[in-house]
Each structure stands twice: as structure tokens, then as C-alpha cells.
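Chemist: File upload-v2.cif follows (mmCIF, C-alpha atoms and all ligand atoms):
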data_my_file
#
loop_
_atom_site.group_PDB
_atom_site.id
_atom_site.type_symbol
_atom_site.label_atom_id
_atom_site.label_comp_id
_atom_site.auth_asym_id
_atom_site.auth_seq_id
_atom_site.Cartn_x
_atom_site.Cartn_y
_atom_site.Cartn_z
ATOM 1 C CA MET A 82 -24.794 2.956 28.749
ATOM 2 C CA MET A 83 -25.815 2.325 32.370
ATOM 3 C CA ARG A 84 -27.066 5.916 32.573
ATOM 4 C CA SER A 85 -29.283 5.434 29.470
ATOM 5 C CA LEU A 86 -30.644 2.186 30.888
ATOM 6 C CA ILE A 87 -31.503 3.816 34.214
ATOM 7 C CA LEU A 88 -33.186 6.779 32.483
ATOM 8 C CA ALA A 89 -35.151 4.478 30.148
ATOM 9 C CA LEU A 90 -36.352 2.415 33.131
ATOM 10 C CA ASN A 91 -37.580 5.570 34.862
ATOM 11 C CA LEU A 92 -39.387 6.822 31.756
ATOM 12 C CA LEU A 93 -41.072 3.484 31.097
ATOM 13 C CA ALA A 94 -42.025 2.768 34.702
ATOM 14 C CA PRO A 95 -45.053 5.122 35.103
ATOM 15 C CA PRO A 96 -46.953 4.012 31.934
ATOM 16 C CA THR A 97 -46.136 0.381 32.750
ATOM 17 C CA ALA A 98 -47.455 0.826 36.300
ATOM 18 C CA VAL A 99 -50.646 2.464 34.966
ATOM 19 C CA ALA A 100 -51.139 -0.455 32.547
ATOM 20 C CA ILE A 101 -50.724 -2.982 35.382
ATOM 21 C CA LEU A 102 -53.061 -0.907 37.586
ATOM 22 C CA SER A 103 -55.763 -1.070 34.898
ATOM 23 C CA THR A 104 -55.666 -4.888 35.148
ATOM 24 C CA GLY A 105 -56.599 -4.583 38.862
ATOM 25 C CA HIS A 106 -53.222 -5.301 40.493
ATOM 26 C CA PRO A 107 -52.263 -2.180 42.516
ATOM 27 C CA VAL A 108 -49.590 -3.952 44.621
ATOM 28 C CA ILE A 109 -47.792 -5.270 41.525
ATOM 29 C CA ALA A 110 -48.073 -1.829 39.883
ATOM 30 C CA LEU A 111 -46.466 -0.186 42.933
ATOM 31 C CA ALA A 112 -43.756 -2.861 43.097
ATOM 32 C CA ALA A 113 -42.931 -2.314 39.396
ATOM 33 C CA LEU A 114 -42.687 1.443 39.959
ATOM 34 C CA LEU A 115 -40.411 1.137 43.002
ATOM 35 C CA THR A 116 -38.188 -1.485 41.341
ATOM 36 C CA ALA A 117 -37.686 0.716 38.284
ATOM 37 C CA HIS A 118 -36.840 3.821 40.352
ATOM 38 C CA ALA A 119 -34.522 2.051 42.828
ATOM 39 C CA PRO A 120 -31.362 2.048 40.619
ATOM 40 C CA LEU A 121 -31.728 5.797 39.950
ATOM 41 C CA LEU A 122 -32.112 6.576 43.637
ATOM 42 C CA TYR A 123 -29.120 4.383 44.481
ATOM 43 C CA ALA A 124 -26.897 5.964 41.811
ATOM 44 C CA THR A 125 -27.938 9.465 42.919
ATOM 45 C CA LEU A 126 -27.383 9.006 46.637
ATOM 46 C CA MET A 127 -24.213 6.882 46.553
ATOM 47 C CA PRO A 128 -21.258 9.275 46.072
ATOM 48 C CA ASN A 129 -18.940 6.616 44.620
ATOM 49 C CA CYS A 130 -21.417 5.029 42.183
ATOM 50 C CA ARG A 131 -20.353 5.288 38.516
ATOM 51 C CA TRP A 132 -23.688 4.360 36.903
ATOM 52 C CA LEU A 133 -24.556 7.968 36.017
ATOM 53 C CA GLY A 134 -21.126 8.918 34.643
ATOM 54 C CA PRO A 135 -17.367 8.817 35.229
ATOM 55 C CA LEU A 136 -15.798 9.879 38.524
ATOM 56 C CA LEU A 137 -12.498 9.518 40.360
ATOM 57 C CA ARG A 138 -12.407 7.595 43.618
ATOM 58 C CA ASP A 139 -8.625 7.010 43.632
ATOM 59 C CA PHE A 140 -5.636 7.777 41.401
ATOM 60 C CA PRO A 141 -2.923 5.598 39.870
ATOM 61 C CA THR A 142 0.430 5.531 41.672
ATOM 62 C CA ASP A 143 2.903 2.918 42.857
ATOM 63 C CA LYS A 144 4.314 5.210 45.563
ATOM 64 C CA ASN A 145 3.062 5.863 49.087
ATOM 65 C CA GLU A 146 1.027 8.890 48.032
ATOM 66 C CA VAL A 147 -2.471 10.127 48.785
ATOM 67 C CA TRP A 148 -4.551 13.006 47.432
ATOM 68 C CA LEU A 149 -5.803 15.264 50.185
ATOM 69 C CA THR A 150 -9.005 17.117 49.272
ATOM 70 C CA ILE A 151 -10.382 19.891 51.473
ATOM 71 C CA ASP A 152 -13.988 20.976 51.014
ATOM 72 C CA ASP A 153 -16.237 23.918 51.921
ATOM 73 C CA GLY A 154 -13.713 26.777 52.162
ATOM 74 C CA PRO A 155 -12.276 29.252 51.871
ATOM 75 C CA ASP A 156 -12.610 30.107 55.549
ATOM 76 C CA PRO A 157 -10.971 33.206 57.080
ATOM 77 C CA ASP A 158 -10.071 31.270 60.263
ATOM 78 C CA ASP A 159 -9.220 27.842 58.882
ATOM 79 C CA SER A 160 -7.670 28.460 55.440
ATOM 80 C CA PRO A 161 -4.575 30.360 56.705
ATOM 81 C CA ARG A 162 -3.977 27.712 59.386
ATOM 82 C CA PHE A 163 -4.495 24.906 56.849
ATOM 83 C CA LEU A 164 -1.993 26.513 54.482
ATOM 84 C CA ASP A 165 0.642 26.833 57.218
ATOM 85 C CA LEU A 166 0.124 23.217 58.313
ATOM 86 C CA LEU A 167 0.392 21.955 54.722
ATOM 87 C CA ASP A 168 3.612 23.935 54.254
ATOM 88 C CA ARG A 169 5.022 22.613 57.529
ATOM 89 C CA PHE A 170 4.518 19.010 56.339
ATOM 90 C CA GLY A 171 5.497 19.696 52.706
ATOM 91 C CA ALA A 172 2.018 18.554 51.663
ATOM 92 C CA LYS A 173 -0.114 19.594 48.702
ATOM 93 C CA ALA A 174 -3.924 19.486 48.603
ATOM 94 C CA THR A 175 -6.863 20.383 46.401
ATOM 95 C CA PHE A 176 -9.308 22.860 47.957
ATOM 96 C CA PHE A 177 -12.854 22.376 46.664
ATOM 97 C CA VAL A 178 -14.175 25.858 47.397
ATOM 98 C CA ILE A 179 -17.662 27.369 47.418
ATOM 99 C CA GLY A 180 -18.114 30.203 44.889
ATOM 100 C CA ASP A 181 -19.932 32.611 47.255
ATOM 101 C CA LYS A 182 -17.265 32.192 49.954
ATOM 102 C CA ALA A 183 -14.501 32.572 47.361
ATOM 103 C CA ALA A 184 -16.057 35.862 46.216
ATOM 104 C CA ARG A 185 -16.112 37.085 49.850
ATOM 105 C CA HIS A 186 -12.471 36.077 50.424
ATOM 106 C CA PRO A 187 -10.675 36.445 47.080
ATOM 107 C CA GLU A 188 -7.311 36.947 48.821
ATOM 108 C CA LEU A 189 -7.594 33.459 50.377
ATOM 109 C CA VAL A 190 -8.301 31.826 47.022
ATOM 110 C CA ARG A 191 -5.279 33.552 45.486
ATOM 111 C CA GLU A 192 -3.135 32.553 48.479
ATOM 112 C CA ILE A 193 -4.188 28.888 48.139
ATOM 113 C CA ALA A 194 -3.180 28.940 44.461
ATOM 114 C CA ALA A 195 0.029 30.886 45.133
ATOM 115 C CA ARG A 196 1.177 28.252 47.617
ATOM 116 C CA GLY A 197 0.916 25.575 44.950
ATOM 117 C CA HIS A 198 -2.376 23.892 45.873
ATOM 118 C CA GLY A 199 -5.201 22.959 43.541
ATOM 119 C CA ILE A 200 -8.587 24.701 43.474
ATOM 120 C CA GLY A 201 -11.741 22.838 42.528
ATOM 121 C CA ASN A 202 -15.391 23.786 41.979
ATOM 122 C CA HIS A 203 -17.737 22.926 44.869
ATOM 123 C CA THR A 204 -20.758 24.877 43.511
ATOM 124 C CA GLN A 205 -21.625 28.555 43.964
ATOM 125 C CA THR A 206 -23.851 28.303 47.085
ATOM 126 C CA HIS A 207 -23.361 24.684 48.284
ATOM 127 C CA PRO A 208 -27.012 23.610 48.520
ATOM 128 C CA ALA A 209 -25.996 20.391 50.325
ATOM 129 C CA ARG A 210 -29.455 19.026 51.116
ATOM 130 C CA ARG A 211 -31.040 19.941 47.760
ATOM 131 C CA PHE A 212 -28.260 19.539 45.206
ATOM 132 C CA TRP A 213 -29.176 15.954 44.281
ATOM 133 C CA ARG A 214 -32.777 16.905 43.476
ATOM 134 C CA LEU A 215 -32.184 20.192 41.596
ATOM 135 C CA GLY A 216 -33.263 20.467 37.961
ATOM 136 C CA PRO A 217 -30.871 21.139 35.049
ATOM 137 C CA GLY A 218 -31.318 24.942 35.156
ATOM 138 C CA ARG A 219 -30.425 25.350 38.827
ATOM 139 C CA LEU A 220 -27.599 22.825 38.545
ATOM 140 C CA ARG A 221 -26.073 24.674 35.603
ATOM 141 C CA GLU A 222 -26.302 27.915 37.577
ATOM 142 C CA GLU A 223 -24.562 26.387 40.619
ATOM 143 C CA ILE A 224 -21.748 24.818 38.616
ATOM 144 C CA SER A 225 -21.201 27.447 35.897
ATOM 145 C CA ARG A 226 -21.392 30.457 38.247
ATOM 146 C CA CYS A 227 -18.745 28.880 40.466
ATOM 147 C CA GLN A 228 -16.569 28.295 37.369
ATOM 148 C CA LYS A 229 -16.876 31.976 36.478
ATOM 149 C CA THR A 230 -16.216 33.150 40.051
ATOM 150 C CA LEU A 231 -13.080 31.036 40.391
ATOM 151 C CA GLY A 232 -11.977 31.746 36.819
ATOM 152 C CA SER A 233 -11.987 35.479 37.586
ATOM 153 C CA LEU A 234 -9.888 34.961 40.768
ATOM 154 C CA THR A 235 -7.326 32.426 39.557
ATOM 155 C CA ARG A 236 -8.036 30.060 36.679
ATOM 156 C CA ARG A 237 -11.062 28.002 35.708
ATOM 157 C CA PRO A 238 -11.047 24.720 37.665
ATOM 158 C CA THR A 239 -10.961 21.350 35.928
ATOM 159 C CA LEU A 240 -12.199 19.403 38.988
ATOM 160 C CA PHE A 241 -15.634 19.297 40.590
ATOM 161 C CA ARG A 242 -16.949 17.829 43.800
ATOM 162 C CA ALA A 243 -20.698 17.559 44.417
ATOM 163 C CA PRO A 244 -22.037 18.825 47.772
ATOM 164 C CA ALA A 245 -22.256 15.766 50.057
ATOM 165 C CA GLY A 246 -21.149 13.785 46.986
ATOM 166 C CA MET A 247 -24.693 13.243 45.702
ATOM 167 C CA ARG A 248 -25.674 14.084 42.133
ATOM 168 C CA ASN A 249 -28.492 13.260 39.729
ATOM 169 C CA PRO A 250 -28.490 12.372 35.981
ATOM 170 C CA PHE A 251 -28.512 16.073 34.944
ATOM 171 C CA VAL A 252 -25.093 16.757 36.499
ATOM 172 C CA HIS A 253 -22.765 14.812 34.192
ATOM 173 C CA PRO A 254 -23.766 16.569 30.920
ATOM 174 C CA ILE A 255 -23.098 19.948 32.619
ATOM 175 C CA LEU A 256 -19.694 18.731 33.856
ATOM 176 C CA ARG A 257 -18.837 17.584 30.323
ATOM 177 C CA HIS A 258 -19.814 20.992 28.945
ATOM 178 C CA GLU A 259 -17.650 22.785 31.550
ATOM 179 C CA GLN A 260 -14.802 20.259 31.028
ATOM 180 C CA LEU A 261 -14.914 19.282 34.695
ATOM 181 C CA THR A 262 -13.952 15.907 36.150
ATOM 182 C CA LEU A 263 -16.053 14.671 39.055
ATOM 183 C CA VAL A 264 -13.950 13.756 42.086
ATOM 184 C CA ALA A 265 -15.417 11.421 44.698
ATOM 185 C CA TRP A 266 -13.195 9.821 47.356
ATOM 186 C CA THR A 267 -11.683 6.678 48.828
ATOM 187 C CA ALA A 268 -12.337 7.648 52.443
ATOM 188 C CA ARG A 269 -14.179 10.332 54.352
ATOM 189 C CA GLY A 270 -14.227 10.911 58.091
ATOM 190 C CA TYR A 271 -17.652 12.566 58.486
ATOM 191 C CA ASP A 272 -15.915 15.549 60.114
ATOM 192 C CA GLY A 273 -18.879 17.727 59.095
ATOM 193 C CA THR A 274 -21.084 15.985 61.648
ATOM 194 C CA ASP A 275 -18.756 14.170 64.061
ATOM 195 C CA THR A 276 -16.603 16.239 66.438
ATOM 196 C CA ASP A 277 -14.703 13.225 67.824
ATOM 197 C CA ARG A 278 -11.333 13.788 66.181
ATOM 198 C CA GLN A 279 -9.989 10.300 66.888
ATOM 199 C CA LYS A 280 -13.030 8.610 65.329
ATOM 200 C CA VAL A 281 -12.854 10.852 62.269
ATOM 201 C CA LEU A 282 -9.143 10.142 61.908
ATOM 202 C CA ALA A 283 -9.710 6.385 62.223
ATOM 203 C CA ARG A 284 -12.299 6.485 59.405
ATOM 204 C CA LEU A 285 -9.937 8.441 57.144
ATOM 205 C CA LEU A 286 -7.038 6.041 57.748
ATOM 206 C CA LYS A 287 -8.979 2.775 57.892
ATOM 207 C CA ASN A 288 -8.151 1.584 54.365
ATOM 208 C CA LEU A 289 -5.125 3.754 53.694
ATOM 209 C CA ARG A 290 -3.368 2.742 50.489
ATOM 210 C CA PRO A 291 -1.365 4.353 47.654
ATOM 211 C CA GLY A 292 -3.630 6.462 45.436
ATOM 212 C CA ALA A 293 -6.327 7.036 48.054
ATOM 213 C CA ILE A 294 -8.383 10.228 47.902
ATOM 214 C CA LEU A 295 -9.131 11.593 51.388
ATOM 215 C CA VAL A 296 -11.748 14.260 52.190
ATOM 216 C CA LEU A 297 -11.864 16.692 55.041
ATOM 217 C CA HIS A 298 -13.593 20.015 55.580
ATOM 218 C CA GLU A 299 -12.902 23.583 56.579
ATOM 219 C CA SER A 300 -15.282 25.485 58.863
ATOM 220 C CA THR A 301 -15.820 22.620 61.333
ATOM 221 C CA PRO A 302 -15.065 22.798 65.085
ATOM 222 C CA ILE A 303 -12.206 20.275 64.750
ATOM 223 C CA ALA A 304 -10.793 21.414 61.393
ATOM 224 C CA PRO A 305 -7.198 22.588 62.081
ATOM 225 C CA ARG A 306 -6.452 19.992 64.776
ATOM 226 C CA LEU A 307 -7.842 17.223 62.572
ATOM 227 C CA LEU A 308 -5.637 18.264 59.671
ATOM 228 C CA GLU A 309 -2.593 18.403 61.947
ATOM 229 C CA SER A 310 -3.305 14.904 63.317
ATOM 230 C CA LEU A 311 -3.896 13.530 59.823
ATOM 231 C CA LEU A 312 -0.709 15.037 58.387
ATOM 232 C CA SER A 313 1.327 13.739 61.369
ATOM 233 C CA GLU A 314 -0.082 10.241 60.997
ATOM 234 C CA LEU A 315 0.432 10.154 57.217
ATOM 235 C CA ASP A 316 4.005 11.355 57.744
ATOM 236 C CA ARG A 317 4.596 8.690 60.390
ATOM 237 C CA ARG A 318 3.372 6.001 57.967
ATOM 238 C CA GLY A 319 5.592 7.314 55.167
ATOM 239 C CA TYR A 320 2.823 8.782 52.982
ATOM 240 C CA ALA A 321 3.174 11.987 50.958
ATOM 241 C CA CYS A 322 0.225 14.256 50.067
ATOM 242 C CA VAL A 323 0.434 15.055 46.360
ATOM 243 C CA LEU A 324 -1.669 16.482 43.550
ATOM 244 C CA PRO A 325 -2.131 13.727 40.952
ATOM 245 C CA ARG A 326 -1.100 14.628 37.426
HETATM 246 ZN ZN ZN B 401 -19.244 20.429 50.834
#
Could you render the structure as C-alpha cells?
Modeler:
Amino acid sequence: MMRSLILALNLLAPPTAVAILSTGHPVIALAALLTAHAPLLYATLMPNCRWLGPLLRDFPTDKNEVWLTIDDGPDPDDSPRFLDLLDRFGAKATFFVIGDKAARHPELVREIAARGHGIGNHTQTHPARRFWRLGPGRLREEISRCQKTLGSLTRRPTLFRAPAGMRNPFVHPILRHEQLTLVAWTARGYDGTDTDRQKVLARLLKNLRPGAILVLHESTPIAPRLLESLLSELDRRGYACVLPR
């Protein structure tokens, strides 16, 4: 409903602006155009916005449980260390992996699955800066190729995370077709850009509550030590890391 409204606004805006322009009011025409496009831009760039389609930003539970999600692997240095840390703390996580990396390290993908963790689709090539402005053809390629890659290594994922969390109105129909659920998050630490482990940890734990979805990344300078600190702190506060049913 909201998605249709946003799309209709964007389709009607240009002819409306042209009509206003023809009456000699360029400032009003520009204002009308920007006002009509603003909701689309907002919904595209805000990872937790539901206007374009359904997504998960937490999960239902009455226990002290969180869902740990780990993006951007598999990584030959980090994945084995992550798996050992998760085992040490009795924690389960979902790894949102990149198709190209998975194809380069199939043994890591199989190991992640064998140790009882979830595997999600994080696109074939992870075009982080461009994903939100790709057209339907390129988007389908990114999402469906990753499904095929992962399907051939373990089983076809049912969960998807958009690179940097941003996605445009073309994404949701493709996810529906591939039977994928979009997973956003409750908290992220910005560990992809910030190397201050304590600050990242504080962001992840700021609003800790049952059912929270937490995101961290492989292939960052602080990756294994961050995961160890996070798992220790969650353990200290009595939280378990589970895969929601
Ligand atoms: Zn990513």
C-alpha cells in the first residue's frame, strides 16, 4: 500500500512539475518535485524503513536471546576464528555471505553450515555503494546468482540482507520471487568504518533487549576481537545468541 503510494507519487511528480512550470512558477515546480521524491529517497536509504516492503528488525521472544548476524564473509582469516569463538560461547549466528567469496571458499561455507549456523544471501558481488540505485535486471542478477551459488554449496537461503541495508522499490518483488525474507537489524556498531572496538561495542549494546538483531562484519581490522568482546559481554548479561525459528 505504502509502496504503491510512493511509486504513484514519483510517477505523477514530473508531469505535475512540468504543468506548474508552464504557469511560470519554477520554484513551486521544483518544490513539488522534491516533495514527491523525498519519501522514496527516505525509504530507500533508511535500512529499517518498512514503506517499500516487509523486513525483520527484531524477533519475538520472551527470553534473554539475541540474533547475531555476521556479514561480508566468508573470510579465510576471520571465519575459522569466528566459528571457534561461537563454539566456545555456545552461540549460534547467521552468516550473510557474499556469493563470489563463497565460491572462492566453498569449504568455509560448508563448515559454517556443518557447525549449525545459518547462511543468508548478501548478494553475489556486494556492490555496497551502488546496490540501492541498481535497476531490476542487475538486482535480480545479484540476488539470484548468490542464491544459486549458495544453493550449490549447501542449501538455498531463505534470508537476505541488502549491502549497507539500502534497497530500492525493485528489490522486494525479487525477494518474493526467490522466497527470501529481508533482514534488517536492531543495532549495528559501524565496525566496517570504525576501528575503535569499545565504541563499536557500545553501539551494539546500547539498546540491548530480548529479540534484538545485532550486526557485525568479517574482514575488518577488529573483527575477531570485537566478536570475542561482544560474546563475553552478552554472556555476562545473561543473553544467549540463537537462531530464531
Ligand atoms: Zn555487507
Chemist: One decimal, in Å: what's the spacing between atom CA of A:Pro141 and atom CA of A:Pro325?
Modeler: 8.2 Å
Chemist: Quick one: apply the PyMOL selection byres (((not hetatm)) within 12 of (chain B and resi 401)) to the file and drop the selected residues here as a ChimeraX atom specification.
Modeler: /A:150-155,176-180,182,201-210,212,241-247,265,269,271-274,296-301
Chemist: Calculate how many Å separate atom CA of A:Leu88 from atom CA of A:Thr267, rounding to one decimal.
Modeler: 27.0 Å
Chemist: Taking the file above as input, evaluate the PyMOL selection byres (((chain A and resi 217-234) around 7) and not hetatm) and report the hits as a short mmCIF file (atom, residue, chain, number, x, y, z; two decimals) with C-alpha atoms, in the frame of the given file.
Modeler:
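out-v4.cif, written as the output of this step:
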data_model
loop_
_atom_site.label_atom_id
_atom_site.label_comp_id
_atom_site.auth_asym_id
_atom_site.auth_seq_id
_atom_site.Cartn_x
_atom_site.Cartn_y
_atom_site.Cartn_z
CA GLY A 180 -18.11 30.20 44.89
CA ALA A 184 -16.06 35.86 46.22
CA PRO A 187 -10.68 36.44 47.08
CA ARG A 191 -5.28 33.55 45.49
CA ASN A 202 -15.39 23.79 41.98
CA THR A 204 -20.76 24.88 43.51
CA GLN A 205 -21.62 28.56 43.96
CA THR A 206 -23.85 28.30 47.08
CA LEU A 215 -32.18 20.19 41.60
CA GLY A 216 -33.26 20.47 37.96
CA THR A 235 -7.33 32.43 39.56
CA ARG A 236 -8.04 30.06 36.68
CA ARG A 237 -11.06 28.00 35.71
CA PRO A 238 -11.05 24.72 37.66
CA PHE A 251 -28.51 16.07 34.94
CA VAL A 252 -25.09 16.76 36.50
CA ILE A 255 -23.10 19.95 32.62
#
Chemist: Check what the PyMOL selection byres (((chain A and resi 114-124) around 12) and not hetatm) selects in the file above and give those residues as a PyMOL selection string.
Modeler: chain A and resi 83-102+107-113+125-135+213-214+246-251
Chemist: Please produce a file of the residues just selected, as a JSON list (two decimals), in the frame of the given file, where the atoms kept are C-alpha atoms.
Modeler:
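Listed below is the output, again-v8.json:
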[["chain", "number", "residue", "atom", "x", "y", "z"],
["A", 83, "MET", "CA", -25.82, 2.33, 32.37],
["A", 84, "ARG", "CA", -27.07, 5.92, 32.57],
["A", 85, "SER", "CA", -29.28, 5.43, 29.47],
["A", 86, "LEU", "CA", -30.64, 2.19, 30.89],
["A", 87, "ILE", "CA", -31.50, 3.82, 34.21],
["A", 88, "LEU", "CA", -33.19, 6.78, 32.48],
["A", 89, "ALA", "CA", -35.15, 4.48, 30.15],
["A", 90, "LEU", "CA", -36.35, 2.42, 33.13],
["A", 91, "ASN", "CA", -37.58, 5.57, 34.86],
["A", 92, "LEU", "CA", -39.39, 6.82, 31.76],
["A", 93, "LEU", "CA", -41.07, 3.48, 31.10],
["A", 94, "ALA", "CA", -42.02, 2.77, 34.70],
["A", 95, "PRO", "CA", -45.05, 5.12, 35.10],
["A", 96, "PRO", "CA", -46.95, 4.01, 31.93],
["A", 97, "THR", "CA", -46.14, 0.38, 32.75],
["A", 98, "ALA", "CA", -47.46, 0.83, 36.30],
["A", 99, "VAL", "CA", -50.65, 2.46, 34.97],
["A", 100, "ALA", "CA", -51.14, -0.46, 32.55],
["A", 101, "ILE", "CA", -50.72, -2.98, 35.38],
["A", 102, "LEU", "CA", -53.06, -0.91, 37.59],
["A", 107, "PRO", "CA", -52.26, -2.18, 42.52],
["A", 108, "VAL", "CA", -49.59, -3.95, 44.62],
["A", 109, "ILE", "CA", -47.79, -5.27, 41.52],
["A", 110, "ALA", "CA", -48.07, -1.83, 39.88],
["A", 111, "LEU", "CA", -46.47, -0.19, 42.93],
["A", 112, "ALA", "CA", -43.76, -2.86, 43.10],
["A", 113, "ALA", "CA", -42.93, -2.31, 39.40],
["A", 125, "THR", "CA", -27.94, 9.46, 42.92],
["A", 126, "LEU", "CA", -27.38, 9.01, 46.64],
["A", 127, "MET", "CA", -24.21, 6.88, 46.55],
["A", 128, "PRO", "CA", -21.26, 9.28, 46.07],
["A", 129, "ASN", "CA", -18.94, 6.62, 44.62],
["A", 130, "CYS", "CA", -21.42, 5.03, 42.18],
["A", 131, "ARG", "CA", -20.35, 5.29, 38.52],
["A", 132, "TRP", "CA", -23.69, 4.36, 36.90],
["A", 133, "LEU", "CA", -24.56, 7.97, 36.02],
["A", 134, "GLY", "CA", -21.13, 8.92, 34.64],
["A", 135, "PRO", "CA", -17.37, 8.82, 35.23],
["A", 213, "TRP", "CA", -29.18, 15.95, 44.28],
["A", 214, "ARG", "CA", -32.78, 16.90, 43.48],
["A", 246, "GLY", "CA", -21.15, 13.78, 46.99],
["A", 247, "MET", "CA", -24.69, 13.24, 45.70],
["A", 248, "ARG", "CA", -25.67, 14.08, 42.13],
["A", 249, "ASN", "CA", -28.49, 13.26, 39.73],
["A", 250, "PRO", "CA", -28.49, 12.37, 35.98],
["A", 251, "PHE", "CA", -28.51, 16.07, 34.94]]
Chemist: Please list as a list in words every residue within 7 Å of stretch 319-323 of chain A, counting all atoms listed in the file and excluding residues in the same chain fewer than 3 positions away.
Modeler: Asn145, Glu146, Val147, Trp148, Leu149, Ala172, Lys173, Ala174, Leu315 and Asp316 of chain A
Chemist: Just the number, please: distance in Å from atom CA of A:Ser160 to atom CA of A:Ala194, one decimal.
Modeler: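 About the pair atom CA of A:Ser160 and atom CA of A:Ala194: they are 11.9 Å apart.
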Chemist: Please identify all polymer residues lying at most 6 Å from the point (-13.1, 21.3, 34.4) (file coordinates), using only C-alpha atoms, and present the result as a short mmCIF file (atom, residue, chain, number, x, y, z; two decimals) with C-alpha atoms, keeping the file's coordinate frame.
Modeler:
data_model
loop_
_atom_site.label_atom_id
_atom_site.label_comp_id
_atom_site.auth_asym_id
_atom_site.auth_seq_id
_atom_site.Cartn_x
_atom_site.Cartn_y
_atom_site.Cartn_z
CA PRO A 238 -11.05 24.72 37.66
CA THR A 239 -10.96 21.35 35.93
CA LEU A 240 -12.20 19.40 38.99
CA GLU A 259 -17.65 22.78 31.55
CA GLN A 260 -14.80 20.26 31.03
CA LEU A 261 -14.91 19.28 34.70
CA THR A 262 -13.95 15.91 36.15
#
Chemist: Stretch 311-314 of chain A: which residues within 7 Å, counting only C-alpha atoms, same-chain residues fewer than 3 positions away excluded, as a ChimeraX atom specification?
Modeler: /A:170,282,307-308,317-318
Chemist: Restricting the calculation to all atoms listed in the file: of A:Leu295, A:Leu189, A:Leu166, A:Ala183, which residue gets closest to A:Val264?
Modeler: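 Answer, going by the shortest atom-to-atom distance: A:Leu295.
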Chemist: Kindly list the centre and edge lengths in Å, rounded to one decimal, for the axis-aligned box that covers all listed atoms of stretch 150-161 of chain A plus 8 Å on each of its six sides, as AutoDock Vina command-line options.
Modeler:
--center_x -10.4 --center_y 25.2 --center_z 54.8 --size_x 27.7 --size_y 32.1 --size_z 27.0
Chemist: A:Thr175, A:His186, A:Ala293, A:Gln279: which is nearest A:Arg138, counting only C-alpha atoms?
Modeler: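 Of the candidates, the smallest distance to A:Arg138 is held by A:Ala293.
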